[in-house]
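S.K.: Dropping in query_11.cif, with mmCIF, C-alpha atoms.
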data_upload
#
loop_
_atom_site.label_atom_id
_atom_site.label_comp_id
_atom_site.auth_asym_id
_atom_site.auth_seq_id
_atom_site.Cartn_x
_atom_site.Cartn_y
_atom_site.Cartn_z
CA MET A 11 93.45 79.96 63.06
CA ARG A 12 91.31 82.68 64.64
CA GLN A 13 91.55 81.06 68.05
CA ARG A 14 95.37 81.01 67.75
CA LYS A 15 95.15 84.66 66.72
CA ILE A 16 93.48 85.51 70.02
CA ALA A 17 96.08 83.57 72.00
CA ALA A 18 98.98 85.22 70.20
CA MET A 19 97.54 88.68 70.47
CA SER A 20 96.85 88.31 74.18
CA GLN A 21 100.61 88.22 74.81
CA SER A 22 101.20 91.66 73.28
CA ALA A 23 97.85 93.47 73.40
CA PRO A 24 95.63 94.44 76.33
CA PRO A 25 93.51 91.48 77.45
CA PRO A 26 89.81 91.31 76.50
CA ILE A 27 87.55 93.34 78.76
CA LEU A 28 84.19 91.85 79.75
CA SER A 29 81.66 94.43 80.97
CA VAL A 30 78.39 93.44 82.64
CA ALA A 31 75.97 96.04 83.96
CA PRO A 32 74.39 96.09 86.38
CA THR A 33 76.31 93.49 88.34
CA ARG A 34 73.74 93.72 91.13
CA ALA A 35 70.08 93.91 90.09
CA LEU A 36 66.59 92.57 90.54
CA VAL A 37 65.83 89.44 88.56
CA ASP A 38 63.45 91.28 86.22
CA GLU A 39 66.02 93.92 85.21
CA THR A 40 67.89 93.57 81.93
CA LEU A 41 71.64 93.06 81.67
CA ARG A 42 74.07 94.73 79.30
CA VAL A 43 76.94 92.41 78.39
CA ARG A 44 79.82 93.56 76.20
CA VAL A 45 83.34 92.39 75.35
CA ASP A 46 86.07 94.75 74.11
CA ASN A 47 89.74 94.39 73.15
CA LEU A 48 89.14 91.30 71.02
CA PRO A 49 90.82 90.82 67.65
CA PRO A 50 88.60 91.93 64.75
CA ARG A 51 86.27 89.25 63.33
CA ALA A 52 87.26 86.73 66.00
CA PRO A 53 84.90 83.93 67.09
CA VAL A 54 84.14 83.89 70.81
CA THR A 55 81.69 82.19 73.15
CA LEU A 56 79.90 83.97 75.98
CA ARG A 57 78.74 81.65 78.73
CA CYS A 58 76.62 82.10 81.86
CA GLU A 59 76.86 79.52 84.64
CA HIS A 60 74.85 79.14 87.86
CA ARG A 61 75.07 76.70 90.75
CA SER A 62 71.62 76.22 92.26
CA GLU A 63 70.77 75.81 95.91
CA ASP A 64 70.25 72.11 95.09
CA LYS A 65 73.91 72.02 93.97
CA ASP A 66 73.02 71.48 90.32
CA TYR A 67 74.85 73.41 87.62
CA TRP A 68 72.99 75.36 84.93
CA GLU A 69 74.43 77.00 81.84
CA ALA A 70 73.64 79.08 78.78
CA TYR A 71 75.97 80.21 76.03
CA GLY A 72 76.03 81.99 72.72
CA HIS A 73 78.47 82.03 69.82
CA TYR A 74 79.53 85.47 68.55
CA VAL A 75 82.00 87.03 66.13
CA SER A 76 83.61 90.32 67.12
CA ASP A 77 83.14 93.35 64.89
CA ALA A 78 85.85 95.33 63.07
CA ALA A 79 86.67 97.14 66.30
CA GLY A 80 87.10 93.87 68.23
CA ALA A 81 83.87 94.21 70.24
CA VAL A 82 80.83 92.05 70.96
CA SER A 83 77.57 93.41 72.38
CA VAL A 84 75.06 90.74 73.42
CA ALA A 85 72.15 93.16 73.04
CA ASP A 86 73.16 94.28 69.55
CA ASP A 87 74.96 91.36 67.92
CA LEU A 88 73.69 88.02 66.67
CA SER A 89 74.37 84.76 68.46
CA LEU A 90 75.20 82.26 65.73
CA GLY A 91 74.66 79.19 67.90
CA GLY A 92 74.63 77.82 71.42
CA THR A 93 71.59 77.61 73.67
CA TYR A 94 70.01 80.58 71.84
CA CYS A 95 70.36 82.24 68.47
CA GLY A 96 69.79 85.73 67.16
CA ARG A 97 69.86 89.13 68.82
CA GLU A 98 68.87 88.29 72.40
CA ALA A 99 69.92 90.70 75.15
CA MET A 100 68.89 88.26 77.91
CA GLY A 101 69.58 84.96 76.17
CA LEU A 102 72.36 84.17 78.64
CA LEU A 103 69.68 83.88 81.34
CA TRP A 104 66.42 82.69 79.80
CA SER A 105 68.06 79.89 77.79
CA MET A 106 69.75 78.34 80.83
CA ARG A 107 69.54 74.57 81.12
CA PRO A 108 71.17 71.91 83.30
CA VAL A 109 74.71 71.09 82.18
CA PRO A 110 75.15 67.78 80.34
CA GLY A 111 75.08 64.80 82.70
CA SER A 112 72.77 66.47 85.25
CA ARG A 113 69.82 64.82 86.91
CA THR A 114 66.65 64.79 84.82
CA GLY A 115 63.47 66.78 85.42
CA LEU A 116 65.14 69.69 87.23
CA ARG A 117 63.47 73.02 87.92
CA LEU A 118 65.46 76.09 88.96
CA ARG A 119 63.85 77.90 91.89
CA LYS A 120 65.18 80.23 94.55
CA ARG A 121 64.35 79.08 98.05
CA ASN A 122 66.29 81.57 100.16
CA VAL A 123 65.37 85.03 98.89
CA ARG A 124 67.62 86.66 101.50
CA THR A 125 70.59 85.79 99.31
CA PRO A 126 71.14 86.54 95.62
CA MET A 127 71.32 84.16 92.71
CA LEU A 128 74.94 84.22 91.55
CA PHE A 129 75.81 83.93 87.88
CA THR A 130 79.29 83.76 86.39
CA ILE A 131 79.53 85.22 82.88
CA SER A 132 82.67 84.25 80.97
CA VAL A 133 84.09 84.77 77.50
CA PHE A 134 86.02 82.00 75.74
CA ALA A 135 88.08 81.96 72.55
CA GLY A 136 86.39 80.18 69.65
CA HIS A 137 82.91 78.70 69.36
CA VAL A 138 82.69 76.25 72.24
CA ASP A 139 79.85 73.79 72.98
CA ARG A 140 81.31 71.57 75.69
CA ASP A 141 84.22 71.00 78.07
CA PHE A 142 84.09 74.58 79.35
CA ASP A 143 85.73 73.58 82.63
CA GLY A 144 88.89 72.55 80.81
CA ARG A 145 89.30 75.89 79.05
CA PRO A 146 90.61 79.05 80.66
CA PRO A 147 88.26 82.00 80.04
CA LEU A 148 89.56 85.18 78.49
CA ALA A 149 87.61 87.15 81.12
CA ARG A 150 84.79 86.61 83.60
CA GLU A 151 82.37 88.60 85.78
CA LEU A 152 80.18 87.65 88.75
CA VAL A 153 76.59 88.90 88.68
CA GLU A 154 74.07 89.07 91.55
CA ARG A 155 70.36 88.73 90.76
CA TRP A 156 67.97 89.47 93.62
CA TYR A 157 64.27 88.90 94.21
CA ALA A 158 64.14 91.27 97.18
CA ALA A 159 65.15 94.90 96.71
CA PRO A 160 67.05 96.67 99.52
CA GLY A 161 64.77 97.46 102.43
CA VAL A 162 62.15 94.80 101.68
CA ARG A 163 61.19 93.16 104.96
CA ARG A 164 60.53 89.44 105.32
CA VAL A 165 58.16 88.36 108.12
CA GLU A 166 57.28 84.73 108.84
CA VAL A 167 53.55 84.30 109.46
CA GLU A 168 51.78 81.73 111.61
CA ASP A 169 48.52 83.31 112.65
CA ARG A 170 44.92 82.05 112.95
CA GLY A 171 46.03 78.74 111.47
CA VAL A 172 47.58 80.35 108.39
CA ARG A 173 51.23 79.79 107.46
CA GLY A 174 53.35 81.76 105.03
CA THR A 175 55.80 84.60 104.64
CA LEU A 176 54.90 88.27 104.33
CA PHE A 177 57.07 90.66 102.31
CA ILE A 178 56.75 94.38 103.00
CA PRO A 179 58.23 97.07 100.71
CA SER A 180 60.67 99.64 102.02
CA GLY A 181 59.22 103.00 102.94
CA PRO A 182 56.51 104.25 105.29
CA GLY A 183 53.46 102.82 103.47
CA PRO A 184 50.71 101.91 103.62
CA PHE A 185 50.80 99.87 100.43
CA PRO A 186 48.42 97.77 98.36
CA GLY A 187 48.45 94.10 99.30
CA LEU A 188 48.49 90.77 97.51
CA LEU A 189 47.74 87.19 98.48
CA ASP A 190 50.23 85.13 96.44
CA MET A 191 49.53 81.43 95.80
CA TRP A 192 51.45 78.82 93.82
CA GLY A 193 50.47 75.48 92.31
CA GLY A 194 49.79 71.98 93.48
CA GLY A 195 53.41 71.06 94.16
CA GLY A 196 53.01 72.27 97.73
CA GLY A 197 55.58 73.81 100.03
CA LEU A 198 56.33 77.47 100.56
CA LEU A 199 57.67 79.49 97.63
CA GLU A 200 58.65 83.05 98.42
CA TYR A 201 60.46 84.40 95.39
CA ARG A 202 57.53 85.91 93.51
CA SER A 203 56.20 87.61 96.63
CA ALA A 204 59.64 89.07 97.32
CA LEU A 205 59.74 90.45 93.78
CA LEU A 206 56.21 91.87 94.08
CA ALA A 207 57.24 93.60 97.31
CA SER A 208 60.20 95.05 95.41
CA HIS A 209 57.59 96.68 93.16
CA GLY A 210 55.62 98.19 96.03
CA TYR A 211 53.13 95.52 97.18
CA VAL A 212 52.80 93.88 100.57
CA SER A 213 52.65 90.24 99.46
CA LEU A 214 51.87 87.13 101.48
CA ALA A 215 53.45 83.98 100.04
CA LEU A 216 50.96 81.43 101.28
CA GLU A 217 51.95 77.95 102.36
CA TYR A 218 49.32 75.35 101.53
CA PHE A 219 47.97 72.92 104.07
CA ALA A 220 48.93 69.25 103.70
CA PRO A 221 46.42 66.77 102.23
CA GLY A 222 44.07 65.70 105.01
CA GLU A 223 45.36 68.35 107.43
CA LEU A 224 42.01 70.14 107.56
CA ALA A 225 38.93 68.11 108.39
CA SER A 226 36.52 69.43 105.74
CA THR A 227 36.38 71.24 102.42
CA ASP A 228 34.71 74.17 104.21
CA LEU A 229 37.73 74.49 106.52
CA GLU A 230 40.02 74.36 103.50
CA PHE A 231 38.14 77.24 101.87
CA GLN A 232 38.17 79.20 105.13
CA TYR A 233 41.97 78.84 105.25
CA PHE A 234 42.26 80.98 102.11
CA GLU A 235 39.64 83.44 103.31
CA THR A 236 41.57 83.91 106.54
CA ALA A 237 44.83 84.39 104.64
CA PHE A 238 43.25 87.15 102.56
CA ASP A 239 41.92 88.76 105.74
CA LEU A 240 45.38 88.70 107.32
CA VAL A 241 46.75 90.70 104.40
CA ARG A 242 43.83 93.11 104.42
CA ARG A 243 44.10 93.82 108.15
CA HIS A 244 47.88 94.29 108.23
CA PRO A 245 48.81 97.84 109.32
CA ALA A 246 51.10 98.30 106.31
CA VAL A 247 48.26 97.51 103.86
CA LEU A 248 45.58 99.70 102.31
CA PRO A 249 42.56 97.52 103.19
CA ASP A 250 40.51 98.38 100.10
CA ARG A 251 43.42 97.67 97.73
CA VAL A 252 44.15 93.99 98.17
CA GLY A 253 44.39 91.66 95.20
CA ILE A 254 45.02 87.97 94.63
CA PHE A 255 47.81 86.49 92.50
CA GLY A 256 47.83 82.80 91.66
CA LEU A 257 49.41 80.25 89.33
CA SER A 258 47.83 76.91 88.45
CA MET A 259 46.07 75.66 91.60
CA GLY A 260 46.66 79.07 93.16
CA ALA A 261 44.82 80.68 90.24
CA MET A 262 41.96 78.22 90.69
CA VAL A 263 41.69 79.21 94.34
CA ALA A 264 41.87 82.91 93.41
CA ILE A 265 38.97 82.57 90.98
CA SER A 266 36.96 80.61 93.52
CA LEU A 267 37.51 83.20 96.26
CA ALA A 268 36.51 86.05 93.95
CA SER A 269 33.41 84.12 92.84
CA GLU A 270 32.16 82.30 95.91
CA SER A 271 33.40 83.93 99.11
CA ALA A 272 31.22 86.26 101.14
CA ARG A 273 34.29 87.37 103.11
CA VAL A 274 36.74 88.11 100.30
CA GLU A 275 36.36 91.14 98.04
CA PRO A 276 39.57 91.45 96.03
CA ALA A 277 40.36 94.67 94.22
CA CYS A 278 41.69 92.58 91.30
CA CYS A 279 42.96 89.10 90.49
CA VAL A 280 45.88 87.87 88.39
CA CYS A 281 45.49 84.22 87.39
CA ILE A 282 48.22 82.37 85.49
CA SER A 283 47.43 78.98 83.95
CA GLY A 284 44.35 78.63 86.09
CA SER A 285 40.94 77.02 86.12
CA HIS A 286 37.45 77.78 87.39
CA PHE A 287 36.84 74.09 88.05
CA PHE A 288 36.25 73.94 91.80
CA PRO A 289 33.71 71.41 93.12
CA ARG A 290 33.22 72.32 96.76
CA ASP A 291 32.60 68.71 97.82
CA GLN A 292 36.18 67.62 96.97
CA PRO A 293 39.36 68.28 98.94
CA LEU A 294 41.81 70.53 97.17
CA SER A 295 44.33 67.71 96.74
CA GLN A 296 41.78 65.71 94.75
CA ILE A 297 40.82 68.63 92.52
CA SER A 298 44.37 69.51 91.53
CA GLN A 299 45.57 65.98 90.68
CA PRO A 300 44.20 62.97 88.80
CA ASN A 301 41.72 60.71 90.54
CA ALA A 302 40.07 57.36 89.88
CA ARG A 303 37.42 58.89 87.63
CA ASN A 304 39.75 60.52 85.13
CA VAL A 305 43.14 58.80 85.38
CA GLY A 306 42.44 57.03 82.10
CA LYS A 307 42.74 60.34 80.26
CA ILE A 308 46.45 60.69 81.06
CA ARG A 309 48.72 60.47 78.01
CA LEU A 310 52.47 60.05 77.56
CA ASP A 311 54.73 61.89 75.13
CA ASP A 312 57.65 60.22 73.35
CA GLN A 313 59.88 60.94 76.36
CA GLN A 314 57.41 59.21 78.72
CA ASN A 315 56.44 62.51 80.34
CA LEU A 316 52.88 62.60 81.67
CA ILE A 317 50.35 64.84 79.92
CA TRP A 318 47.46 65.84 82.18
CA ARG A 319 45.82 68.29 79.79
CA ASP A 320 42.93 66.01 78.82
CA LEU A 321 41.86 65.54 82.44
CA GLY A 322 39.88 68.79 82.15
CA LEU A 323 38.28 68.07 78.80
CA PRO A 324 35.63 68.49 77.73
CA VAL A 325 35.00 71.57 79.87
CA SER A 326 32.02 70.72 82.04
CA GLY A 327 28.74 72.56 81.62
CA ASP A 328 27.71 71.57 85.15
CA LEU A 329 27.73 74.77 87.21
CA SER A 330 27.94 72.76 90.43
CA ARG A 331 31.44 71.66 89.39
CA LYS A 332 32.71 75.18 88.69
CA ALA A 333 33.16 78.46 90.49
CA ASP A 334 30.34 80.76 89.41
CA VAL A 335 32.48 83.42 87.76
CA ARG A 336 29.31 85.35 86.90
CA ARG A 337 29.55 86.63 90.47
CA ILE A 338 33.04 88.14 90.08
CA ASN A 339 33.00 91.88 90.69
CA CYS A 340 36.66 92.81 90.26
CA PRO A 341 39.04 93.11 87.30
CA LEU A 342 40.37 89.68 86.36
CA LEU A 343 43.53 89.06 84.30
CA LEU A 344 43.96 85.57 82.82
CA VAL A 345 47.45 84.68 81.53
CA ASN A 346 47.68 81.42 79.58
CA GLY A 347 49.92 79.53 77.19
CA GLN A 348 48.47 77.98 74.07
CA ASP A 349 50.79 74.96 74.44
CA ASP A 350 49.85 74.24 78.06
CA GLN A 351 50.08 70.45 78.35
CA ASN A 352 49.05 70.34 82.01
CA HIS A 353 45.62 72.00 81.87
CA PRO A 354 43.34 73.12 79.04
CA THR A 355 43.69 76.68 80.27
CA VAL A 356 42.71 78.38 77.00
CA GLU A 357 39.46 76.39 76.92
CA TYR A 358 38.87 77.30 80.57
CA ALA A 359 39.42 80.99 79.74
CA GLU A 360 36.92 80.78 76.89
CA ASP A 361 34.31 79.29 79.24
CA ILE A 362 35.05 81.93 81.89
CA GLU A 363 34.57 84.66 79.29
CA ARG A 364 31.30 83.10 78.11
CA MET A 365 29.97 82.92 81.67
CA MET A 366 31.02 86.47 82.54
CA ARG A 367 29.54 87.79 79.31
CA SER A 368 26.22 86.16 80.19
CA ALA A 369 26.21 88.25 83.37
CA GLY A 370 27.22 91.46 81.58
CA LYS A 371 30.67 91.40 83.20
CA GLU A 372 32.96 90.80 80.23
CA HIS A 373 34.39 94.31 80.74
CA LEU A 374 36.06 93.03 83.92
CA LEU A 375 38.01 90.34 82.04
CA THR A 376 41.37 90.67 80.31
CA ARG A 377 42.88 87.65 78.55
CA LEU A 378 46.54 87.23 77.58
CA GLU A 379 47.36 84.14 75.54
CA TYR A 380 50.73 83.26 74.06
CA PRO A 381 51.62 80.80 71.28
CA ASP A 382 54.09 77.97 71.97
CA THR A 383 53.92 78.81 75.69
CA GLY A 384 53.46 76.23 78.40
CA HIS A 385 51.97 76.05 81.88
CA LEU A 386 54.78 77.38 84.08
CA ILE A 387 54.80 81.09 83.28
CA GLU A 388 57.35 82.56 85.69
CA PRO A 389 58.86 86.04 86.21
CA PRO A 390 60.95 87.20 83.24
CA TYR A 391 64.31 85.72 82.28
CA SER A 392 63.60 82.54 84.27
CA PRO A 393 64.57 79.38 82.39
CA HIS A 394 61.86 77.51 80.52
CA PHE A 395 60.85 74.20 82.10
CA ARG A 396 59.13 72.05 79.50
CA ALA A 397 59.02 68.95 81.73
CA THR A 398 59.98 68.58 85.39
CA ASN A 399 59.67 66.19 88.30
CA PHE A 400 56.45 66.32 90.32
CA MET A 401 55.11 64.43 93.33
CA TRP A 402 51.84 62.64 92.50
CA ASP A 403 50.25 62.55 95.93
CA SER A 404 47.65 59.83 95.40
CA LYS A 405 50.28 57.41 94.06
CA LYS A 406 53.02 58.59 96.45
CA ALA A 407 55.31 58.62 93.45
CA ARG A 408 57.59 61.10 91.71
CA VAL A 409 56.70 61.49 88.05
CA THR A 410 57.78 63.78 85.24
CA LEU A 411 55.05 66.11 84.02
CA LEU A 412 54.99 67.76 80.63
CA TRP A 413 54.20 71.46 81.07
CA GLY A 414 54.64 72.44 77.43
CA GLY A 415 56.10 75.41 75.60
CA GLN A 416 59.04 76.12 73.30
CA THR A 417 61.96 77.88 74.95
CA LYS A 418 62.19 81.08 72.89
CA ALA A 419 58.43 81.70 72.64
CA HIS A 420 57.85 80.77 76.28
CA SER A 421 60.60 83.12 77.42
CA ASP A 422 59.17 85.97 75.34
CA ALA A 423 55.79 85.30 76.93
CA GLN A 424 57.26 85.45 80.44
CA GLU A 425 58.81 88.84 79.74
CA ASP A 426 55.77 90.34 78.02
CA SER A 427 53.24 89.01 80.53
CA TRP A 428 55.24 90.24 83.54
CA HIS A 429 55.27 93.80 82.24
CA LYS A 430 51.52 93.59 81.59
CA ILE A 431 50.86 92.05 85.00
CA LEU A 432 52.70 94.90 86.73
CA ALA A 433 50.77 97.43 84.62
CA PHE A 434 47.50 95.70 85.56
CA LEU A 435 48.34 95.78 89.27
CA GLN A 436 49.45 99.41 88.99
CA ARG A 437 46.19 100.39 87.33
CA HIS A 438 43.91 98.63 89.80
CA LEU A 439 45.82 98.85 93.09
CA TYR A 440 47.62 102.19 92.77
CA SER A 441 46.03 105.49 91.80
CA ALA A 442 49.33 107.11 90.74
CA PRO A 443 52.60 105.77 89.28
CA ARG A 444 55.33 104.82 91.70
CA PRO A 445 59.08 104.70 91.07
CA LYS A 446 60.34 101.31 89.94
CA ALA A 447 62.36 99.53 92.61
CA ARG A 448 65.97 98.95 91.68
CA MET A 449 69.00 97.52 93.40
#
I'd like the structure from this file rewritten - as structure tokens, please.
M.R.:
Amino acid sequence: MRQRKIAAMSQSAPPPILSVAPTRALVDETLRVRVDNLPPRAPVTLRCEHRSEDKDYWEAYGHYVSDAAGAVSVADDLSLGGTYCGREAMGLLWSMRPVPGSRTGLRLRKRNVRTPMLFTISVFAGHVDRDFDGRPPLARELVERWYAAPGVRRVEVEDRGVRGTLFIPSGPGPFPGLLDMWGGGGGLLEYRSALLASHGYVSLALEYFAPGELASTDLEFQYFETAFDLVRRHPAVLPDRVGIFGLSMGAMVAISLASESARVEPACCVCISGSHFFPRDQPLSQISQPNARNVGKIRLDDQQNLIWRDLGLPVSGDLSRKADVRRINCPLLLVNGQDDQNHPTVEYAEDIERMMRSAGKEHLLTRLEYPDTGHLIEPPYSPHFRATNFMWDSKKARVTLLWGGQTKAHSDAQEDSWHKILAFLQRHLYSAPRPKARM
């Protein structure tokens, strides 16, 4: 009845107006979504759709009822169902998931940061859960979400054996610098570095070397030392204000550089879902993935996703198998999820704190831990990936890894941790506040 009411009214009344602001923004900026000119107390569905660079379709949607004035505000009104519930201003983004019938194990990542992510936000009559393509929307808006703010420069790097991409903020500089490293999946991921540059940091997105590419573990370690030195020596960088930012294997490398390197003196380190387990006699590819000694500890969940968490348990007391974090002399921020099913990161953080306390350095350590949060803690409003495809190098096979987390809690953790990460970097790499970059 209410859906027919909308159709009948649309012939005589002004059509519904969908307002989205801003329509062009950085990915960590909030959206304001509102619909006006609806009938009072009418059920409607707001949907966000995205086509990825891999040509997969992602969606999120919420069910709303207009107020007495015929309006819906996503930030102020309750979603009664859909991919999220409750009062969630950014639910149309963080609750995105592949549309029904998609390939399994997908992960949404931006490869080309020189173009925006495009999202179509639509409003439909009634509470809809499927067959959106067969229904005409009442209104729709196209939204651009960018990782790189206007004026951010992208420079491909291949120097002294190091490969990656450098992002330089707009303006005269010089700026603080960051060495940005991702996990064991390999390849070159630029989107976080582009976003960090949008907040005023020269950031080098580092490409890892291939397994067996470098002849020794010492050469592997020197690769990261050289990468840090490239950032520090860049003319746009303040050489005494260079930090390290890492997730998963990248966080492990960051901790090892801060602990063990005689050449690297970071001003601070941000480590997400990381470890201090770093035996120097093993190639990096063997440290970051299961090997013959511990493969028996792998478990499967009821969806046959691989759980690697137990590979790191119990946490070793052998100092020769760990980076000696007692030697860290810079502020260290550890960001972990309490439902990490890939690594026992909370247990690692407890051991790091114990070791640093034994050296009188606990004042340098800040720990952020989030309930029902998994391993892949991304910039805010990114979808939650509980399990995704992953290439297991030693078996030359694609598997599905369980990363952990519950969507709502994980998404809250991504938003909260990002704000605290930026505050941490501001405090330790900048002496005075800087204007926030905006589109």
S.K.: Skipping near chain neighbours, those fewer than 6 positions away, what residues fall within 10 Å of A:Phe142 using all atoms listed in the file, listed as a ChimeraX atom specification?
M.R.: /A:57,132,134
S.K.: Once the PyMOL selection byres ((chain A and resi 102) around 6) has been applied to the shown file, what residues remain in the selection, as a PyMOL selection string?
M.R.: chain A and resi 58+70-71+100-101+103
S.K.: Evaluate the PyMOL selection byres ((chain A and resi 334) around 12) against this structure - the residues, as a count of residues only, please.
M.R.: 34
S.K.: Taking the file as I've supplied it (selection: the PyMOL selection byres ((chain A and resi 430) around 12)), which residues are included? Please answer as an mmCIF file with C-alpha atoms, in the frame of the given file.
M.R.:
data_model
loop_
_atom_site.group_PDB
_atom_site.id
_atom_site.type_symbol
_atom_site.label_atom_id
_atom_site.label_comp_id
_atom_site.auth_asym_id
_atom_site.auth_seq_id
_atom_site.Cartn_x
_atom_site.Cartn_y
_atom_site.Cartn_z
ATOM 1 C CA VAL A 280 45.880 87.870 88.390
ATOM 2 C CA LEU A 343 43.530 89.060 84.300
ATOM 3 C CA LEU A 344 43.960 85.570 82.820
ATOM 4 C CA VAL A 345 47.450 84.680 81.530
ATOM 5 C CA THR A 376 41.370 90.670 80.310
ATOM 6 C CA ARG A 377 42.880 87.650 78.550
ATOM 7 C CA LEU A 378 46.540 87.230 77.580
ATOM 8 C CA GLU A 379 47.360 84.140 75.540
ATOM 9 C CA PRO A 389 58.860 86.040 86.210
ATOM 10 C CA PRO A 390 60.950 87.200 83.240
ATOM 11 C CA ALA A 423 55.790 85.300 76.930
ATOM 12 C CA GLN A 424 57.260 85.450 80.440
ATOM 13 C CA GLU A 425 58.810 88.840 79.740
ATOM 14 C CA ASP A 426 55.770 90.340 78.020
ATOM 15 C CA SER A 427 53.240 89.010 80.530
ATOM 16 C CA TRP A 428 55.240 90.240 83.540
ATOM 17 C CA HIS A 429 55.270 93.800 82.240
ATOM 18 C CA ILE A 431 50.860 92.050 85.000
ATOM 19 C CA LEU A 432 52.700 94.900 86.730
ATOM 20 C CA ALA A 433 50.770 97.430 84.620
ATOM 21 C CA PHE A 434 47.500 95.700 85.560
ATOM 22 C CA LEU A 435 48.340 95.780 89.270
ATOM 23 C CA GLN A 436 49.450 99.410 88.990
ATOM 24 C CA ARG A 437 46.190 100.390 87.330
#
S.K.: Could you name the residues that touch A:Thr33 at 10 Å or less, counting only C-alpha atoms, but leaving out those on the same chain fewer than 6 positions away, as a list in words?
M.R.: Leu41, Arg42, Leu128, Phe129, Glu151, Leu152, Val153, Glu154, Arg155 and Met449 of chain A
S.K.: Tell me which protein, DNA and RNA residues are within 6 Å of A:Ala246, counting only C-alpha atoms, leaving out same-chain ones fewer than 2 positions away, and put them as a compact mmCIF listing (two decimals) with C-alpha atoms, in the frame of the given file.
M.R.:
# COMPACT_ATOMS: atom_id res chain seq x y z
CA GLY A 183 53.46 102.82 103.47
CA PRO A 184 50.71 101.91 103.62
CA HIS A 244 47.88 94.29 108.23
S.K.: With only C-alpha atoms as the basis for distance, which of A:Val54, A:Leu310, A:Leu375, A:Ala207 is at the shortest distance from A:Gly136?
M.R.: A:Val54
S.K.: Quick one: pull the distance between atom CA of A:Gln296 and atom CA of A:Glu275, Å, one decimal.
M.R.: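 Here the two named atoms are 26.2 Å from each other.
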S.K.: Measuring atom to atom with all atoms listed in the file, identify which of A:Leu342, A:Ala397, A:Leu189, A:Leu116 is nearest to A:Trp318.
M.R.: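 Closest residue, counting all atoms listed in the file: A:Ala397.
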S.K.: Any idea what's packed within 8 Å of A:Pro179, counting all atoms listed in the file, ignoring anything in its chain fewer than 5 positions away? Could you give it as a PyMOL selection string?
M.R.: chain A and resi 161-163+185+207-212
S.K.: Find, counting all atoms listed in the file, the residue in A:Pro354, A:Pro25, A:Gly322, A:Pro381 that gets nearest to A:Pro147.
M.R.: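 Once distances to A:Pro147 are computed over all atoms listed in the file, the minimum belongs to A:Pro25.
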S.K.: What is the atom CA of A:Arg251-atom CA of A:Phe238 distance in Å, reported with one decimal?
M.R.: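 Going from atom CA of A:Arg251 over to atom CA of A:Phe238 covers 11.6 Å.
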S.K.: Can you work out which one of A:Pro341, A:Pro26, A:Gly197, A:Pro146 has the shortest atom-to-atom distance to A:His373, counting all atoms listed in the file?
M.R.: A:Pro341
S.K.: Can you pull out every residue within 7 Å of A:Val82, counting only C-alpha atoms, but drop anything in the same chain fewer than 6 positions away, and send it as a compact mmCIF listing (two decimals) with C-alpha atoms, in the frame of the given file?
M.R.:
# COMPACT_ATOMS: atom_id res chain seq x y z
CA ARG A 44 79.82 93.56 76.20
CA VAL A 45 83.34 92.39 75.35
CA ASP A 46 86.07 94.75 74.11
CA SER A 76 83.61 90.32 67.12
